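**Q** The structure follows.
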Amino acid sequence: MSLNIPSSRASRVFLRVTKQYLPHLARLCLISTFLEDGIRMWFQWNEQKDYIEATWGCGYFLATCFVLLNLTGQLGGCVLILSRNFVQYACFGLFGVIALQTVAYSILWDIKFLMRNLALGGGLLLLLAESRSEGKSMFAGVPSMGESSPKQYMQLGGRVLLVLMFMTLLHFDPSFFSILQNMVGTALIILVAIGFKTKLAALTLVIWLLAINVYFNAFWTVPAYKPMHDFLKYDFFQTTSVIGGLLLVVALGPGGVSMDEKKKEW
């Protein structure tokens, strides 16, 4: 029991110092992949349109509509979220963008990218839960066991989906470092999923994921003309968005459907 005191105290001090800024940082990180992708759509308009037209054979008009919808949906959603206006509608719009891109770019058949997209959706669920406590709920007519029940289940769903990102980082090789990383990482994602010592576990995952992101996805070290530059850039900002979702867990807590909350009743 005494071993947990310093870490718990450190996390409480961190939360107290960053309380005013953490939600803003979390939202900025969370929408970063949509912001980057929307800007990329603008600068690579013709390339994106030609890709969709060639892949799906849908013609010039539908391919243009696809790129335009992605561009306006992502940039518009980011503006609304950062300005704290119509956040719930913006989240549903970004959910639609994720679903659309999953089908259009055949991500549905790539398990790694699918799990990362689901993790991104988990971050949006947490953002939706946060916005629910700030304004009138869009779920007012849904029967629930308590006033905040839909929010609690959104937080649960968000936590569970977020940990899918870390499942893509597990490496199955016999090296000591890889085994240790898998064991520690698995323990942390289980803690976040079930909501036990949630803030501390989520904060540890933020630090771990941030280090991995900067080290492995350093797109700025690769010349812009190389295909690897865009691949690493995509991975970097998608990972940053998952970090934003974890920061929301740190800022808001696990919600009512969690072991941390149940411990209070015991």
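Order determines the names: the first chain of the structure tokens is A, the second B, and so forth; residues in each chain are numbered 1 upward, and ligands are numbered 1 upward as they are shown.
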Mind checking which residues fall within 8 Å of stretch 252-258 of chain A, counting only C-alpha atoms, ignoring those fewer than 5 positions away in the same chain, and posting them as a ChimeraX atom specification?
**A** /A:130,149,151-153,155-156,159,192,194-196,198-199
**Q** List the spatial neighbours of A:Leu170 as a PyMOL selection string - criterion: any atom at most 10 Å away, only C-alpha atoms, same-chain residues fewer than 4 positions off excluded.
**A** chain A and resi 165-166+178-179+181-183+185-186
**Q** Assign secondary structure with DSSP using the backbone only, and return the residues of stretch 38-180 of chain A in helix (DSSP H, G or I) as a count of residues only.
**A** 109
**Q** Determine, counting only C-alpha atoms, which protein, DNA and RNA residues have an atom within 10 Å of an atom of A:Ala202; residues of the same chain fewer than 5 positions away are not included. Present the result as a list in words.
**A**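 What passes the distance filter is Arg159, Val163, Leu188, Ile189, Leu191, Val192, Ala193, Gly195, Lys197, Ile207, Trp208, Ile243, Gly245, Leu246, Leu247, Leu248, Val249, Val250, Ala251, Gly253 and Pro254 of chain A.
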**Q** Any chance you could export the current selection's C-alpha atoms as a PDB file, in the first residue's frame?
**A**
ATOM      1  CA  ARG A 159     -11.700   3.859 -22.567  1.00  0.00           C
ATOM      2  CA  VAL A 163      -6.670   0.750 -25.558  1.00  0.00           C
ATOM      3  CA  LEU A 188      -1.652  -0.577 -18.080  1.00  0.00           C
ATOM      4  CA  ILE A 189      -4.251  -0.953 -20.828  1.00  0.00           C
ATOM      5  CA  LEU A 191      -6.190  -0.899 -15.810  1.00  0.00           C
ATOM      6  CA  VAL A 192      -7.513   1.832 -18.107  1.00  0.00           C
ATOM      7  CA  ALA A 193     -10.158  -0.451 -19.631  1.00  0.00           C
ATOM      8  CA  GLY A 195     -11.121   1.801 -14.672  1.00  0.00           C
ATOM      9  CA  LYS A 197      -6.103   3.496 -10.841  1.00  0.00           C
ATOM     10  CA  ILE A 207       4.230   9.333 -21.408  1.00  0.00           C
ATOM     11  CA  TRP A 208       4.957   5.932 -22.959  1.00  0.00           C
ATOM     12  CA  ILE A 243      -2.793  10.761 -26.585  1.00  0.00           C
ATOM     13  CA  GLY A 245      -8.088  10.888 -25.633  1.00  0.00           C
ATOM     14  CA  LEU A 246      -5.943   9.557 -22.796  1.00  0.00           C
ATOM     15  CA  LEU A 247      -5.413  13.100 -21.517  1.00  0.00           C
ATOM     16  CA  LEU A 248      -9.204  13.449 -21.378  1.00  0.00           C
ATOM     17  CA  VAL A 249      -9.287  10.301 -19.230  1.00  0.00           C
ATOM     18  CA  VAL A 250      -6.668  11.894 -16.956  1.00  0.00           C
ATOM     19  CA  ALA A 251      -8.635  15.162 -16.795  1.00  0.00           C
ATOM     20  CA  GLY A 253     -11.556  10.439 -14.652  1.00  0.00           C
ATOM     21  CA  PRO A 254     -12.961   7.046 -15.647  1.00  0.00           C
TER      22      PRO A 254
END
**Q** Just the number, please: distance in Å from atom CA of A:Leu28 to atom CA of A:Leu82, one decimal.
**A** 7.1 Å
**Q** So, with only C-alpha atoms as the atoms that count, which of A:Asn213, A:Gly121, A:Tyr225, A:Ala104 lies closest to A:Leu62?
**A**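 Of the candidates, the smallest distance to A:Leu62 is held by A:Ala104.
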**Q** Which neighbours of A:Trp56 fall inside 12 Å, counting only C-alpha atoms, when residues of the same chain fewer than 6 positions from it are skipped, and could you give them as JSON, numbers by chain?
**A** {"A": [49, 50, 62, 63, 66, 103, 104, 105, 106]}
**Q** Please list as a list in words every residue within 8 Å of stretch 68-76 of chain A, counting only C-alpha atoms and excluding residues in the same chain fewer than 5 positions away.
**A**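 My list of contacting residues is Phe34, Leu35, Asp37, Gly38, Ile39, Met41, Trp42, Ala90, Gly93, Leu94 and Val97 of chain A.
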**Q** Only C-alpha atoms, please: the residues just picked out, written as a compact mmCIF listing (two decimals), in the first residue's frame.
**A**
# COMPACT_ATOMS: atom_id res chain seq x y z
CA PHE A 34 -8.37 15.57 -38.42
CA LEU A 35 -6.78 19.01 -38.72
CA ASP A 37 -5.75 15.43 -42.77
CA GLY A 38 -8.08 18.29 -43.70
CA ILE A 39 -5.13 20.54 -44.55
CA MET A 41 -6.79 17.28 -48.48
CA TRP A 42 -6.53 20.95 -49.45
CA ALA A 90 -18.95 18.15 -34.58
CA GLY A 93 -19.54 14.62 -38.05
CA LEU A 94 -16.03 13.36 -37.32
CA VAL A 97 -15.54 11.01 -41.53
**Q** So how far away is atom CA of A:Leu124 from atom CA of A:Ser241, in Å?
**A**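 Computing the Euclidean distance for atom CA of A:Ser241 and atom CA of A:Leu124 yields 9.4 Å.
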**Q** In terms of the shortest atom-to-atom distance over only C-alpha atoms, which of A:Val67, A:Ile107, A:Ile190, A:Leu210 is closest to A:Glu53?
**A** A:Val67
**Q** Taking only C-alpha atoms into account, which of A:Ala201, A:Thr102, A:Gln44, A:Ser131 comes nearest A:Arg116?
**A**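 Under the stated criterion, the closest residue is A:Thr102.
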**Q** Would you please work out which residue, of A:Gly77, A:Gly57, A:Leu120, A:Arg40, is nearest to A:Asp230 when using only C-alpha atoms?
**A**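 That would be A:Arg40, the residue with the smallest distance to A:Asp230.
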**Q** By how many Å are atom CA of A:Met259 and atom CA of A:Ile31 apart?
**A**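 Rounded to one decimal, the two atoms are 28.8 Å apart.
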**Q** Pick out the closest residue to A:Leu169 from this set: A:Met115, A:Ala224, A:Cys29, A:Leu80. Count only C-alpha atoms.
**A**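 Ranking A:Met115, A:Ala224, A:Cys29, A:Leu80 by distance to A:Leu169, first place goes to A:Met115.
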